[in-house]
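**Student:** Sharing a structure with you now.
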Amino acid sequence: MLKPVEWLLSGFSVDLGIDLGTANTLVFVRDKGIVLDEPSVVAVRRGTNEVLLDGMAVGDAALEYLGRTPPGFQAVRPMKSGVIADFEITEKMLRYFMAKACGGKRLVKPRLVIAVPWGITMVEKRAVIGSAERAGARRVFLVDEPTAAAIGAGLPVHEPRGSLIVDIGGGTSEVAVISLANVVMAECLRVAGDDFNEAITQYIRAKYNLLIGEITAERLKIAAGSCIPLEEEIQVEIRGRDSLVNLPRRAVISSADVREALQEPVRKVIGAIKSVLERTPPELAADLVDSGITLCGGGSLLRGLPEMIERETDLDVRVAERPLEAVARGTGIFLENLELYSQFLEGGEDLAS
């Protein structure tokens, strides 16, 4: 049970569950649900960690800076492949998101449950905890993203039967077989949404001699991305800079182009799924024949991806309800049951007494 002091403080703090993603950060507030979903982007003065707009150029306010800043400024993504790449900027981003989610200053610092990629090192975990504590957290607990995603997607992870979750985020794709609330077999692949965008960028440059930024690539992926031929192919007009004459121009890109560009990274994700299935114990593999595969994360919304995975694995595939929110909802469930779930959280030892 909770220590008396911790129990008393918990009544006055606004505790948060955080999906600290490479592309987006979602924040769950206890008793309120998800209150914040913004890009993991910070705009700073180049060469310093000074956040623009008096510290407010974070998230949505910073997204439009990407690729558009003058020489003295830059827009930074402080998370790379699901882990912290810039400690100071991550700390400032977390402080901003925490204050926004809590509605300003609070008398008692919040407790945080933060989802982190499966299999990251102890050094990387300590970096997350340290950044969150310096940003103003009273206590920080870590949960691996596949477990949070599976719970958030409503899978029966506490039962003695296999559930397979595939979370395709911005920086990582995580595939895990879970039983009795523990990961039995998993693989964390550092190929995900950002790599999809980069593949589109490179393909457009090679085929159309057109240079585009990551925001344009992301919009093109959402508007026309697919894994299998569509009944009616989509045409999208984009704008960029001609790599031969260095002048701005337009081009019309079809969903067939985007599909060809995405073949390699999508194949890597499917390869990770098959690798985990090949290493899954026989009894749990037998469970998956009935339970199938559950997809979540932004990558799960790619047209035709469930059908393609189904064809490759011969298992039923479904996309979780509100797939972008699955991990954040999972952290919220842990947050609302800290005493019960403390044994599954890094940093929760003293709650388990």
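By convention in this document, the chains of the structure tokens carry letters A, B, ... by their order, each chain's residues are numbered from 1, and ligands are numbered from 1 in the order they are shown.
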Please give the complete set of residues from region 115-178 of chain A that DSSP, run on the backbone, assigns to strand (DSSP E or B), formatted as a PyMOL selection string.

**Tutor:** chain A and resi 115-116+139-144+163-168+173-178

**Student:** How close does each residue of region 17-69 of chain A get to region 324-341 of chain A, giving the shortest atom pair and distance in Å to one decimal for every residue with an atom at most 7 Å away, counting only C-alpha atoms, sorted by chain and residue number, as JSON lines?

**Tutor:**
```
{"residue": "A:Gly17", "atom": "CA", "partner": "A:Thr331", "partner_atom": "CA", "distance": 4.9}
{"residue": "A:Ile18", "atom": "CA", "partner": "A:Ala328", "partner_atom": "CA", "distance": 6.0}
{"residue": "A:Asp19", "atom": "CA", "partner": "A:Ala328", "partner_atom": "CA", "distance": 5.1}
{"residue": "A:Leu26", "atom": "CA", "partner": "A:Ala328", "partner_atom": "CA", "distance": 6.1}
{"residue": "A:Val27", "atom": "CA", "partner": "A:Ala328", "partner_atom": "CA", "distance": 6.6}
{"residue": "A:Phe28", "atom": "CA", "partner": "A:Gly332", "partner_atom": "CA", "distance": 5.7}
{"residue": "A:Arg30", "atom": "CA", "partner": "A:Glu336", "partner_atom": "CA", "distance": 6.3}
```

**Student:** Write a file of the selected residues as a CSV table (one decimal), in the first residue's frame, keeping N, CA and C atoms.

**Tutor:**
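So result_19.csv came out as:
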```csv
chain,number,residue,atom,x,y,z
A,17,GLY,N,0.0,10.7,-17.1
A,17,GLY,CA,0.6,9.6,-17.9
A,17,GLY,C,1.0,10.2,-19.2
A,18,ILE,N,2.2,9.9,-19.6
A,18,ILE,CA,2.8,10.5,-20.8
A,18,ILE,C,3.3,9.5,-21.8
A,19,ASP,N,2.8,9.7,-23.0
A,19,ASP,CA,3.4,8.9,-24.2
A,19,ASP,C,4.4,9.9,-24.8
A,26,LEU,N,1.6,12.7,-26.0
A,26,LEU,CA,0.3,12.7,-25.5
A,26,LEU,C,0.3,12.7,-24.0
A,27,VAL,N,-0.6,13.5,-23.3
A,27,VAL,CA,-0.6,13.5,-21.9
A,27,VAL,C,-2.0,13.1,-21.4
A,28,PHE,N,-2.0,12.2,-20.5
A,28,PHE,CA,-3.2,11.7,-19.8
A,28,PHE,C,-3.2,12.3,-18.4
A,30,ARG,N,-5.1,12.1,-14.7
A,30,ARG,CA,-5.9,11.2,-13.9
A,30,ARG,C,-7.3,11.8,-13.7
```

**Student:** Give me the residues within 8 Å of region 228-240 of chain A as an mmCIF file with C-alpha atoms, in the first residue's frame, counting only C-alpha atoms and dropping any in the same chain fewer than 5 places off.

**Tutor:**
```
data_model
loop_
_atom_site.group_PDB
_atom_site.id
_atom_site.type_symbol
_atom_site.label_atom_id
_atom_site.label_comp_id
_atom_site.auth_asym_id
_atom_site.auth_seq_id
_atom_site.Cartn_x
_atom_site.Cartn_y
_atom_site.Cartn_z
ATOM 1 C CA LEU A 210 11.877 17.593 -56.453
ATOM 2 C CA LEU A 211 13.130 18.431 -52.953
ATOM 3 C CA ILE A 212 10.437 18.359 -50.250
ATOM 4 C CA GLY A 213 10.520 18.746 -46.466
ATOM 5 C CA THR A 216 5.177 17.794 -46.961
ATOM 6 C CA LEU A 220 1.647 13.125 -48.654
ATOM 7 C CA ALA A 223 -3.205 11.776 -48.107
ATOM 8 C CA PRO A 248 10.144 26.226 -56.772
ATOM 9 C CA ARG A 249 7.626 24.122 -58.700
ATOM 10 C CA ARG A 250 4.645 21.819 -58.372
ATOM 11 C CA ALA A 251 4.291 18.094 -59.069
ATOM 12 C CA VAL A 252 1.363 15.660 -58.996
ATOM 13 C CA ILE A 253 2.143 12.480 -57.075
ATOM 14 C CA SER A 254 -0.011 9.352 -57.205
ATOM 15 C CA SER A 255 -0.674 6.842 -54.460
ATOM 16 C CA ALA A 256 1.167 4.302 -56.626
ATOM 17 C CA ARG A 259 3.244 2.881 -52.305
ATOM 18 C CA ARG A 303 -4.066 2.132 -46.120
ATOM 19 C CA GLY A 304 -3.877 -1.596 -46.759
ATOM 20 C CA LEU A 305 -1.340 -2.343 -43.992
ATOM 21 C CA MET A 308 -0.846 -6.878 -46.130
#
```

**Student:** What lies within 7 Å of region 291-300 of chain A using only C-alpha atoms, ignoring chain neighbours under 3 positions off, as a list of chain:residue names?

**Tutor:** A:Ser163, A:Leu164, A:Ile165, A:Val166, A:Asp167, A:Ile168, A:Gly169, A:Gly193, A:Asp287, A:Leu288, A:Leu305, A:Leu315, A:Asp316, A:Val317, A:Arg318, A:Val319, A:Ala320, A:Pro323, A:Leu324, A:Ala326

**Student:** Create the file for the chosen residues now, containing C-alpha atoms and written as a compact mmCIF listing (two decimals), in the first residue's frame.

**Tutor:**
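Below you can see part-v2.txt, which holds the result:
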```txt
# COMPACT_ATOMS: atom_id res chain seq x y z
CA SER A 163 -1.75 -11.30 -27.18
CA LEU A 164 0.27 -9.74 -30.00
CA ILE A 165 0.51 -5.95 -30.19
CA VAL A 166 2.24 -4.01 -32.99
CA ASP A 167 2.82 -0.32 -32.20
CA ILE A 168 4.10 1.65 -35.21
CA GLY A 169 5.02 5.08 -33.93
CA GLY A 193 6.75 6.76 -39.38
CA ASP A 287 -3.39 -18.55 -28.80
CA LEU A 288 -2.55 -16.06 -31.55
CA LEU A 305 -1.34 -2.34 -43.99
CA LEU A 315 -3.47 -14.26 -38.88
CA ASP A 316 -6.44 -11.98 -38.32
CA VAL A 317 -5.36 -8.35 -38.01
CA ARG A 318 -7.33 -5.50 -36.46
CA VAL A 319 -6.57 -1.86 -35.79
CA ALA A 320 -7.18 -0.75 -32.21
CA PRO A 323 -4.89 3.73 -32.35
CA LEU A 324 -2.96 6.99 -31.87
CA ALA A 326 -3.45 3.49 -27.20
```

**Student:** Which residues are close to Thr25 (chain A), i.e. within 12 Å by only C-alpha atoms, leaving aside same-chain residues fewer than 2 positions away? Reply as a ChimeraX atom specification.

**Tutor:** /A:17-23,27-28,34-42,58-60,77-79,82,90,93-94,96-98,101,114-116,169-170,324-325,327-328
